[in-house]
Every structure is written in C-alpha cells, then in structure tokens.
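Shown next: work38.cif, given as mmCIF, C-alpha atoms and all ligand atoms.
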data_work
loop_
_atom_site.label_atom_id
_atom_site.label_comp_id
_atom_site.auth_asym_id
_atom_site.auth_seq_id
_atom_site.Cartn_x
_atom_site.Cartn_y
_atom_site.Cartn_z
CA MET A 15 123.52 85.90 95.56
CA GLU A 16 126.61 85.11 93.47
CA PRO A 17 126.18 82.17 91.08
CA LYS A 18 127.79 78.91 92.23
CA THR A 19 128.89 78.24 88.66
CA LYS A 20 131.48 80.83 87.70
CA LEU A 21 132.09 80.74 83.97
CA GLN A 22 135.45 82.14 82.94
CA THR A 23 134.83 84.93 80.46
CA SER A 24 137.17 86.96 78.28
CA PRO A 25 137.64 90.66 79.08
CA GLU A 26 136.07 91.38 75.66
CA GLU A 27 132.89 89.47 76.51
CA ALA A 28 132.70 91.05 79.97
CA GLY A 29 133.06 94.48 78.36
CA ARG A 30 130.34 93.72 75.83
CA ILE A 31 127.94 92.66 78.63
CA ARG A 32 128.75 95.76 80.65
CA ARG A 33 128.07 98.04 77.66
CA ALA A 34 124.81 96.22 76.86
CA VAL A 35 123.61 96.83 80.44
CA GLN A 36 124.70 100.49 80.28
CA ASN A 37 122.60 100.94 77.11
CA VAL A 38 119.31 99.66 78.58
CA ARG A 39 116.55 102.27 78.83
CA LYS A 40 113.55 99.91 78.87
CA ILE A 41 112.62 96.29 78.30
CA ASP A 42 109.67 95.50 76.04
CA GLY A 43 107.82 92.22 76.19
CA GLY A 44 105.94 90.00 78.55
CA ASN A 45 103.71 92.30 80.56
CA GLY A 46 104.38 95.51 78.61
CA SER A 47 107.34 97.82 79.07
CA SER A 48 109.65 97.91 82.08
CA ARG A 49 111.53 101.17 82.54
CA LEU A 50 114.41 102.32 84.72
CA VAL A 51 113.38 103.41 88.21
CA GLU A 52 114.30 106.98 89.15
CA PRO A 53 114.39 108.68 92.57
CA ARG A 54 111.07 110.44 91.79
CA HIS A 55 109.40 106.99 91.99
CA ALA A 56 110.44 106.45 95.63
CA GLY A 57 107.02 107.35 97.10
CA GLU A 58 105.10 104.97 94.84
CA ILE A 59 107.61 102.18 95.49
CA LEU A 60 107.40 102.75 99.25
CA GLU A 61 103.61 102.26 99.04
CA LEU A 62 104.07 99.04 97.02
CA LEU A 63 106.72 97.54 99.31
CA LYS A 64 104.98 98.43 102.59
CA ASP A 65 102.54 95.64 101.71
CA GLU A 66 104.14 92.49 103.18
CA ARG A 67 102.15 90.34 100.72
CA VAL A 68 104.38 91.98 98.11
CA SER A 69 107.73 92.33 99.87
CA GLY A 70 107.61 89.71 102.64
CA ASP A 71 109.57 86.98 100.84
CA VAL A 72 112.22 89.12 99.19
CA TYR A 73 115.63 89.33 100.83
CA THR A 74 117.21 91.97 98.57
CA LEU A 75 114.92 94.88 99.47
CA PRO A 76 116.12 97.94 101.47
CA ARG A 77 114.59 97.32 104.90
CA PRO A 78 113.32 99.04 106.93
CA PHE A 79 111.31 100.80 104.24
CA SER A 80 111.34 104.59 104.22
CA ILE A 81 111.63 107.29 101.58
CA THR A 82 115.30 107.58 102.50
CA SER A 83 116.13 103.86 102.30
CA ILE A 84 114.28 103.48 99.01
CA THR A 85 115.80 106.62 97.48
CA ASP A 86 119.28 105.34 98.48
CA TRP A 87 118.44 101.95 96.94
CA ILE A 88 117.33 103.60 93.68
CA GLU A 89 120.42 105.82 93.51
CA ASP A 90 122.66 102.82 94.17
CA HIS A 91 121.00 101.06 91.22
CA GLN A 92 121.48 104.14 89.04
CA ALA A 93 125.21 103.90 89.82
CA GLN A 94 125.12 100.16 89.02
CA ALA A 95 123.40 100.92 85.69
CA ARG A 96 126.15 103.42 84.83
CA ALA A 97 128.75 100.76 85.74
CA GLY A 98 126.92 98.05 83.77
CA THR A 99 126.38 95.83 86.81
CA GLY A 100 122.73 96.31 87.79
CA LEU A 101 119.30 97.55 86.76
CA LEU A 102 116.17 98.43 88.70
CA LEU A 103 113.02 98.49 86.57
CA TYR A 104 109.32 99.16 87.06
CA ALA A 105 106.22 98.38 85.00
CA ARG A 106 102.95 100.30 85.23
CA HIS A 107 99.47 98.88 84.87
CA GLU A 108 97.07 100.71 82.57
CA ASP A 109 95.38 102.05 85.73
CA GLY A 110 98.52 104.17 86.20
CA LYS A 111 99.91 102.38 89.25
CA ILE A 112 103.28 100.63 89.43
CA MET A 113 102.47 96.92 89.31
CA SER A 114 105.92 95.32 89.36
CA ILE A 115 109.57 95.92 90.19
CA THR A 116 112.46 93.89 88.78
CA ASP A 117 115.99 94.03 90.22
CA PHE A 118 118.89 92.74 88.07
CA GLN A 119 122.40 92.08 89.29
CA PHE A 120 125.03 91.36 86.58
CA TRP A 121 128.45 89.75 86.92
CA PRO A 122 130.02 90.56 83.52
CA LYS A 123 133.26 88.72 84.40
CA TRP A 124 131.27 85.47 84.81
CA SER A 125 128.80 86.20 81.96
CA ALA A 126 126.05 85.83 84.57
CA CYS A 127 123.14 87.63 86.14
CA GLU A 128 120.48 87.20 88.77
CA PHE A 129 117.10 88.86 88.91
CA GLY A 130 114.19 88.98 91.27
CA GLY A 131 111.08 91.00 91.63
CA VAL A 132 107.75 91.75 93.17
CA ILE A 133 104.24 92.07 91.82
CA ALA A 134 101.52 94.20 93.44
CA HIS A 135 99.16 92.04 95.49
CA THR A 136 96.15 92.84 93.28
CA HIS A 137 98.04 91.48 90.24
CA GLN A 138 99.46 88.29 91.79
CA ASN A 139 98.33 84.80 90.73
CA GLN A 140 97.33 85.97 87.24
CA SER A 141 100.37 84.52 85.42
CA LEU A 142 102.17 87.89 85.28
CA GLY A 143 105.10 86.35 87.16
CA THR A 144 105.41 83.40 84.81
CA VAL A 145 105.17 85.61 81.70
CA GLY A 146 107.53 88.19 83.24
CA VAL A 147 110.22 85.65 84.19
CA LYS A 148 110.26 84.32 80.62
CA ALA A 149 110.54 87.86 79.18
CA MET A 150 113.37 88.73 81.58
CA CYS A 151 115.25 85.51 80.71
CA ASP A 152 114.88 86.34 77.00
CA PHE A 153 116.18 89.85 77.70
CA ALA A 154 119.17 88.58 79.70
CA PHE A 155 120.18 85.90 77.18
CA GLU A 156 119.35 87.72 73.93
CA THR A 157 119.73 91.45 74.59
CA ILE A 158 122.48 91.39 77.22
CA GLY A 159 124.07 88.14 76.09
CA VAL A 160 124.85 86.47 79.43
CA GLN A 161 125.39 82.72 79.39
CA LEU A 162 124.06 81.99 82.87
CA ILE A 163 121.09 83.18 84.96
CA ALA A 164 121.01 82.48 88.71
CA LEU A 165 117.69 82.62 90.53
CA THR A 166 117.21 82.53 94.31
CA THR A 167 114.02 82.03 96.28
CA SER A 168 113.20 81.02 99.82
CA LEU A 169 112.46 77.30 100.15
CA ASP A 170 108.76 77.85 100.82
CA ASN A 171 108.17 80.36 97.98
CA VAL A 172 106.52 77.81 95.69
CA ARG A 173 104.95 80.44 93.42
CA SER A 174 108.33 81.97 92.76
CA GLN A 175 109.94 78.58 92.12
CA LYS A 176 107.18 77.61 89.68
CA SER A 177 107.21 80.88 87.76
C1 LIG B 201 106.34 85.29 93.16
C2 LIG B 201 105.56 86.10 92.13
C3 LIG B 201 106.56 86.94 91.31
C4 LIG B 201 104.86 85.10 91.20
O1 LIG B 201 104.13 85.78 90.23
P1 LIG B 201 102.54 85.50 90.06
O2 LIG B 201 102.12 86.27 88.86
O3 LIG B 201 101.85 85.83 91.34
O4 LIG B 201 102.51 83.95 89.82
P2 LIG B 201 101.81 83.14 88.63
O5 LIG B 201 100.37 83.50 88.56
O6 LIG B 201 102.63 83.35 87.40
O7 LIG B 201 101.93 81.66 89.18
C5 LIG B 201 103.19 81.01 89.23
C6 LIG B 201 102.98 79.53 89.50
O8 LIG B 201 102.68 79.34 90.90
C7 LIG B 201 101.48 78.58 91.04
N1 LIG B 201 100.87 78.99 92.28
C8 LIG B 201 100.17 80.11 92.55
N2 LIG B 201 99.83 80.15 93.85
C9 LIG B 201 100.35 79.05 94.42
C10 LIG B 201 100.35 78.52 95.74
N3 LIG B 201 99.76 79.16 96.75
N4 LIG B 201 100.97 77.34 95.96
C11 LIG B 201 101.56 76.69 94.95
N5 LIG B 201 101.61 77.13 93.67
C12 LIG B 201 101.00 78.31 93.43
C13 LIG B 201 100.70 78.88 89.79
O9 LIG B 201 99.76 77.88 89.50
C14 LIG B 201 101.82 78.91 88.74
O10 LIG B 201 102.28 77.61 88.43
P3 LIG B 201 101.90 76.90 87.04
O11 LIG B 201 102.47 77.81 85.99
O12 LIG B 201 102.57 75.59 87.14
O13 LIG B 201 100.39 76.86 87.04
C15 LIG B 201 104.50 87.06 92.77
O14 LIG B 201 103.48 86.30 93.38
C16 LIG B 201 105.09 88.00 93.82
O15 LIG B 201 105.52 89.10 93.50
N6 LIG B 201 105.09 87.55 95.10
C17 LIG B 201 105.61 88.36 96.20
C18 LIG B 201 107.10 88.66 96.06
C19 LIG B 201 107.96 87.44 95.79
O16 LIG B 201 107.83 86.39 96.41
N7 LIG B 201 108.88 87.61 94.82
C20 LIG B 201 109.80 86.59 94.40
C21 LIG B 201 111.05 86.65 95.17
S1 LIG B 201 112.23 85.42 94.64
#

Please lay out the structure from this file as structure tokens.
Amino acid sequence: MEPKTKLQTSPEEAGRIRRAVQNVRKIDGGNGSSRLVEPRHAGEILELLKDERVSGDVYTLPRPFSITSITDWIEDHQAQARAGTGLLLYARHEDGKIMSITDFQFWPKWSACEFGGVIAHTHQNQSLGTVGVKAMCDFAFETIGVQLIALTTSLDNVRSQKS
C-alpha cells in the first residue's frame, strides 16, 4: 500500500535508490541470508503458502495459489528487481526447507518502501519475525538508503504489529 507520507525526492536520489535495489543479490543478517526468489522455487513456495497459518493474513499474495499464479508472481518481481522497484526474497532453514519469504515494494520517487513477509508455521513464535523485521529495516535504511518505511498489517494481526 502506498505510503501516506510522500517525501519529495530529487531525481538523483530516486536514481540512486533504484540502482541500489537493482544491485541486490542477497541480504545478510538477522536470520541468515535472504536470496532472490527464482521461478524454479515456485513449487516450494506453493507448498509454504498453501498453509493458511502462513498465508492467511497476507493481502499481497497471488491468490488462488497455483504453480502458474506463483510463477507469474515471481516473474513479476524479477521485472520489478530489474526496474529497481521490488524484490522477492527467500531464506532457507538449515534443514533445507524455505522458512521465510519477504516481499519489498520500493517507491524511489518518494524515498520509501514497504515490506511484508511470511514465516513457515513450524518457525513462527520463535522471534524470527522480530529479528527479521529489524534486519530488513537496517537493509532498507542503510543499504538501499530510503528515508521512509511503510508497514501494513490487518488490525487483528497482533504478532505482526509487535514484530
Ligand atoms: C507475523 C510473523 C511474521 C511474526 O513473526 P514471528 O517470528 O512468528 O513472531 P515473534 O516470535 O517475533 O513474535 C512477535 C511478537 O508477537 C508476540 N506474540 C506472539 N504470539 C502472539 C499472540 N498470539 N498474541 C499476541 N502477541 C503475540 C510475541 O510475544 C512478540 O512480541 P514481543 O517481542 O513484545 O514479545 C509470523 O508469525 C508470520 O509469518 N505469520 C503469518 C503471516 C503474517 O501474518 N505475516 C505478516 C503480514 S503483515
């Protein structure tokens, strides 16, 4: 969702943010490394998102879930990454399974971004969300250089609001 506060940004700053997003290959910190999602991950992500305990509260996901809808979603994010306006990232647990997905939307012209994500049910309520949100804020402010982060949750998603 677009930020309510729209900071006026110079074309130079917007260009710098766009290039910083285009250069991202992975994010280190927090809960290990997050890497760019590719179409070959669609099957694993479908399995993760089919679990409503994971996806139920998240309004930005490509419903209804299928290999096709998820592959389209991934390819759309690959185009956003090339344009410097979005990133879709995954992190793997040491057991080999994808344990989290993070979806960034950037508005370079407003020096702003939003991100949201999901954590596999077996890894929820273990502070991964709290640690991950801090790492993603550090990444957005320090590596990308935005001045504003917008976050959206449903009113009853207390865990998300707290983390
Ligand atoms: C929301 C989500 C990212 C939070 O991550 P998490 O690792 O499970 O949460 P944490 O363990 O870091 O806990 C976050 C906070 O919520 C609190 N909390 C946990 N369960 C709670 C509950 N049922 N009611 C109220 N607070 C709760 C924790 O105590 C913690 O607060 P604290 O730091 O003040 O102690 C994760 O649960 C998830 O992926 N949920 C499903 C998808 C989703 O809702 N995504 C967010 C969309 S905006």

field: Given 7 Å and all atoms listed in the file, residues near ligand LIG 201 (chain B) as JSON, numbers by chain
entry: {"A": [67, 68, 69, 70, 71, 72, 130, 131, 132, 133, 134, 137, 138, 139, 140, 141, 142, 143, 144, 145, 166, 167, 168, 171, 172, 173, 174, 176, 177]}

- prompt: What's the 7 Å shell around segment 23-25 of chain A, counting all atoms listed in the file, without same-chain residues fewer than 5 positions away, as a VMD selection string?
  reply: chain A and resid 123 to 125

field: Between atom CA of Ser83 of chain A and atom CA of Leu50 of chain A, distance in Å (one decimal)
entry: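 Atom CA of Leu50 of chain A lies at a distance of 17.7 Å from atom CA of Ser83 of chain A.
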
- request: Kindly give the distance, in Å, that separates atom CA of Arg33 of chain A and atom CA of Tyr73 of chain A, rounded to a single decimal.
  value: 27.7 Å

message: Which residue is closest to Val35 of chain A? Choose from A:Val147, A:Ile112, A:Ile158, A:Ile59 and count all atoms listed in the file.
response: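 Among the listed residues, A:Ile158 lies closest to Val35 of chain A.
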
- prompt: Could you state the separation of atom CA of Gln161 of chain A and atom CA of Glu89 of chain A in Å, given to one decimal place?
  reply: 27.5 Å

field: Selected residue of minimal separation from Ile31 of chain A among A:Thr74, A:Glu128, A:Phe155, A:Leu60, counting all atoms listed in the file
entry: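 Counting all atoms listed in the file, the residue closest to Ile31 of chain A is A:Phe155.
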
task: Kindly indicate which residue among A:Ile81, A:Ile88, A:Ala28, A:Leu101 lies nearest to Glu61 of chain A, using only C-alpha atoms for the distances.
output: A:Ile81

query: With all atoms listed in the file as the basis for distance, which of A:Val160, A:Pro53, A:Glu58, A:Met113 is at the shortest distance from Glu27 of chain A?
result: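 Counting all atoms listed in the file, the residue closest to Glu27 of chain A is A:Val160.
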
- request: Write out as a ChimeraX atom specification which residues come within 7 Å of Tyr104 of chain A when counting all atoms listed in the file, dropping same-chain ones fewer than 6 positions away.
  value: /A:48-51,112,114-116

task: Find the spatial neighbours of Gln92 of chain A, counting all atoms listed in the file, within a cut-off of 12 Å - ignore same-chain residues fewer than 5 positions away - and output them as number ranges by chain.
output: A: 35-36, 38-39, 50-53, 85-87, 97-103, 117-118
